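To start, the structure itself, in structure tokens.
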Amino acid sequence: MTHAAPVHSLWTTAAAAPDKIPAPHIEYGQLSPTLIVLGGAILGVLVEAFLPRRQRYGAQLFVSVLALAAAFAAVVGLAAGDYGTGKAHVAAMGAIAVDGPALFLQGTILLVALVAVFTFAERRLDPVAHGNQVDSFAAQAAAVPGGEAEKAAVKAGFTTTEVFPLVLFAVGGMLVFPSANDLLTLFVALEVFSLPLYVLCALARRHRMLSQEAAVKYFLLGAFSSAFLLFGIALLYGYAGTVGYAGIADVVDGQVRNVTPALAGTMGNDALLLIGGAMVLMGLLFKIGAVPFHMWTPDVYQGAPTPVTGFMAAATKVAAFGALLRLLYVVLPGLRWDWRPVMWGVAIVTMLGGAIVAVTQTDVKRLLAYSSIAHAGFILAGVIATTPDGISSVLFYLAAYSFVTLGAFAVVTLVRDAGGEATHLSKWAGLGRRSPLVAAVFAVFLLAFAGIPLTSGFAGKFAVFKAAADGGAGALVVVGVISSAIAAFFYIRVIVLMFFSEPRTDGPSVAVPSVLTSSAIAIGVAVTLVLGVAPQYFLDLAGQAGVFVR
């Protein structure tokens, strides 16, 4: 009976104070971009469940475009309402930050996703199968590759329209990821956008086995990175007694007001802080594709359906760099002297590793994958600057880079032979004579990747390197310039191959896309040239958006 007394007293206290549980206070208006996208995704699932198969494609495309456009309008509305600067604050009971970097990155992700959805919806590139137009995705995802069920599905003209809600779920996670203001929200957002991407990677119509292998590699390595991230979160929680960004930052800086005995015991334990911080960083560097966490990138980029590769290469980088910036600038600024040397090393091996290995590639998609690894290194140079210019230069680079990437992968979908996309570089020989327009557009994207003046790549690289030099990382800029020179070699090699080689007799043909892919490529070219010729307005915009809320 003696044991029952404390429990009994707890019951009576709880009964005496029924109004002590506070209702959660959620600012739905400020979370509207994410809520609209997730609402669209749920609507897409209902479309899959209840509409007849013939009507799903049009309905899904409409729902996706509408959701992304409405969410972008909501981001613009929040920015116009001064939530990026004067009214920046932490919403949803401390879980989500509504500030300049969050709104800038969310707007970028939504625009990238909107353009990517156009490439997902393309149905005129593959030859008509059994009288039906087909897209880049498997006719029936659950069917065994090459099996009877798959043949029957192709014959019946099935198309996999569930890719649209999957993209919206992924975008929903990506919107939360850079704006997460505590470590648990960060982890949940990571899983929400990673799981749909694992599925999307496995859905290629051609080369089904390669596609499924890519998805399994991505899934297994992604699970590893999630485990590192989660273990790091546990250690940081053990160190600071909280998962909130501001709370951890206060403990790191030694500015805690009421120190409990438990907190006093762990606050002095720097091993928890350093190992925990390093593990969370590893989880984020994996998503960025930085060396030595890059091993998944070339295989996944090559095996996934090309529209998915373009979306993943552009949007995931934006979300992951946003989360990395917030972690380093909001949670761990007090550890700058500890993380800067490590990030120096990561940036140098990433720039040089990506550029040098790309020189040896013979597949267009693998070449772009290694180039994206080199670009991750260039962007890290801006992250290391630890100045306001560093933040704004990274934001600008991400916006510029994502549209170049989307456009380049959209062009890759057009060059085809009997086996589907012709991604081997030898098949691109003489493409400039066969279809000068497609080759010229691809050349524009390659020159932007190389950072040639009058393209967005030059403006972005210049901004990032200038911020790094001002922030005392001059040696890093030298390495960056050398890496850029190496990278320029293989970009220009592809241009020479397209325009100055004899076309092969058995070479690929260039498919005529519908207005969807054409507009995706046109938007990519327009953004690349506008940000290259007149970048100042967008640099100012990124500069205004470069202040994190604490």
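By convention in this document, the chains of the structure tokens carry letters A, B, ... by their order, each chain's residues are numbered from 1, and ligands are numbered from 1 in the order they are shown.
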Who sits within 10 Å of Ala264 (chain A), only C-alpha atoms, same chain under 6 positions skipped, as number ranges by chain: A: 239-240, 258
Convert the current residue selection to file output with C-alpha atoms, as an mmCIF file, in the first residue's frame.
data_model
loop_
_atom_site.group_PDB
_atom_site.id
_atom_site.type_symbol
_atom_site.label_atom_id
_atom_site.label_comp_id
_atom_site.auth_asym_id
_atom_site.auth_seq_id
_atom_site.Cartn_x
_atom_site.Cartn_y
_atom_site.Cartn_z
ATOM 1 C CA TYR A 239 24.986 17.755 -23.983
ATOM 2 C CA ALA A 240 22.478 20.620 -23.966
ATOM 3 C CA ASN A 258 18.932 28.578 -15.003
#
Residues near Ser393 (chain A), cut-off 8 Å, only C-alpha atoms, skip fewer than 5 positions along chain, as a ChimeraX atom specification: /A:382,460,463-464,467,539,542-543
Go ahead and write the residues just picked, N, CA and C atoms, as a short mmCIF file (atom, residue, chain, number, x, y, z; two decimals), in the first residue's frame.
data_model
loop_
_atom_site.label_atom_id
_atom_site.label_comp_id
_atom_site.auth_asym_id
_atom_site.auth_seq_id
_atom_site.Cartn_x
_atom_site.Cartn_y
_atom_site.Cartn_z
N GLY A 382 31.57 29.19 -49.76
CA GLY A 382 30.76 30.30 -49.26
C GLY A 382 30.27 30.05 -47.84
N GLY A 460 27.51 33.40 -59.70
CA GLY A 460 27.45 32.62 -58.45
C GLY A 460 28.83 32.31 -57.90
N ALA A 463 30.53 35.44 -56.54
CA ALA A 463 29.98 35.85 -55.23
C ALA A 463 30.52 34.96 -54.11
N VAL A 464 30.53 33.64 -54.35
CA VAL A 464 30.96 32.69 -53.31
C VAL A 464 32.46 32.86 -53.02
N ALA A 467 33.15 36.12 -51.15
CA ALA A 467 32.78 36.00 -49.73
C ALA A 467 33.83 35.19 -48.97
N LEU A 539 21.19 39.29 -56.39
CA LEU A 539 22.20 39.30 -55.32
C LEU A 539 21.71 40.16 -54.14
N ALA A 542 19.08 38.18 -52.29
CA ALA A 542 19.72 37.17 -51.42
C ALA A 542 20.37 37.85 -50.23
N GLY A 543 20.91 39.07 -50.44
CA GLY A 543 21.53 39.80 -49.34
C GLY A 543 20.51 40.19 -48.27
#
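Counting only C-alpha atoms and comparing A:Ser194, A:Thr350, A:Ser426, A:Ser456, the residue that lies closest to Pro535 (chain A) is A:Ser456.
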Find the spatial neighbours of Ser501 (chain A), counting only C-alpha atoms, within a cut-off of 10 Å - ignore same-chain residues fewer than 5 positions away - and output them as number ranges by chain. A: 428-433, 495-496
Measuring between only C-alpha atoms, which one of A:Ala180, A:Ala381, A:Leu446, A:Ala278 shows the shortest distance to Val243 (chain A)?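 Residue with the minimum atom-to-atom distance to Val243 (chain A): A:Ala180.
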Run DSSP on the backbone of this structure and report the residues of region 67-118 of chain A it assigns to strand (DSSP E), as a PyMOL selection string. chain A and resi 89-91+96-98
Nearest-residue call for Trp339 (chain A), choices A:Gly40, A:Gly353, A:Gly283, A:Gly277, using only C-alpha atoms: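 For Trp339 (chain A), the nearest of the given residues is A:Gly277.
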Compare A:Tyr237, A:Phe219, A:Tyr57, A:Phe137 by their minimum atom-to-atom distance to Leu203 (chain A), counting only C-alpha atoms, and give me the closest one. A:Phe137
Just checking: using only C-alpha atoms, which residue out of A:Arg366, A:Gln544, A:Phe286, A:Met351 ends up closest to Ala227 (chain A)?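 Counting only C-alpha atoms, the residue closest to Ala227 (chain A) is A:Phe286.
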Quick one, how far is CA of Val349 (chain A) from CA of His375 (chain A)?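 Atom-to-atom, CA of Val349 (chain A) to CA of His375 (chain A), that is 11.8 Å.
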Polymer residues at most 12 Å from Thr108 (chain A), only C-alpha atoms, same-chain spacing of 5 or more positions, as a VMD selection string: chain A and resid 68 to 69 71 to 72 75 to 76 101 to 103 113 to 115 171 174 to 175 178 314 to 319 322 395 to 403 527 538 542
For Arg434 (chain A), the nearest of the candidates A:Ala153, A:Ile373, A:Val477, A:Ser509, counting only C-alpha atoms: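 Ranked by minimum distance to Arg434 (chain A), first place goes to A:Ser509.
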Please report as a Markdown table every residue of region 195-294 of chain A lying within 10 Å of region 88-95 of chain A, along with the nearest atom pair and their distance in Å (one decimal), using only C-alpha atoms.
| residue | atom | partner | partner_atom | distance |
| --- | --- | --- | --- | --- |
| A:Val243 | CA | A:Ala95 | CA | 9.8 |
| A:Gly244 | CA | A:Gly94 | CA | 7.2 |
| A:Tyr245 | CA | A:Gly94 | CA | 9.0 |
| A:Ala246 | CA | A:Gly94 | CA | 9.3 |
Could you name the residues that touch Ala347 (chain A) at 9 Å or less, counting only C-alpha atoms, but leaving out those on the same chain fewer than 3 positions away, as a PyMOL selection string? chain A and resi 290-291+342-344+350-352+374+376-381+384+476+480
Export of the given selection (C-alpha atoms) as a compact mmCIF listing (two decimals), in the first residue's frame:
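Below you can see part.txt, which holds the result:
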# COMPACT_ATOMS: atom_id res chain seq x y z
CA ALA A 290 30.30 16.18 -50.40
CA VAL A 291 33.40 13.96 -50.49
CA VAL A 342 37.15 20.37 -40.89
CA MET A 343 34.92 22.09 -43.45
CA TRP A 344 38.03 23.50 -45.14
CA THR A 350 35.11 17.88 -52.67
CA MET A 351 36.15 20.50 -55.25
CA LEU A 352 39.24 18.64 -56.42
CA ALA A 374 32.51 19.72 -57.46
CA ALA A 376 28.98 21.25 -53.68
CA GLY A 377 32.62 22.06 -52.88
CA PHE A 378 32.34 25.54 -54.42
CA ILE A 379 29.19 26.27 -52.39
CA LEU A 380 30.94 25.04 -49.21
CA ALA A 381 33.55 27.76 -49.78
CA ILE A 384 32.98 28.59 -44.62
CA LEU A 476 40.39 27.95 -50.47
CA GLY A 480 38.49 26.61 -56.11
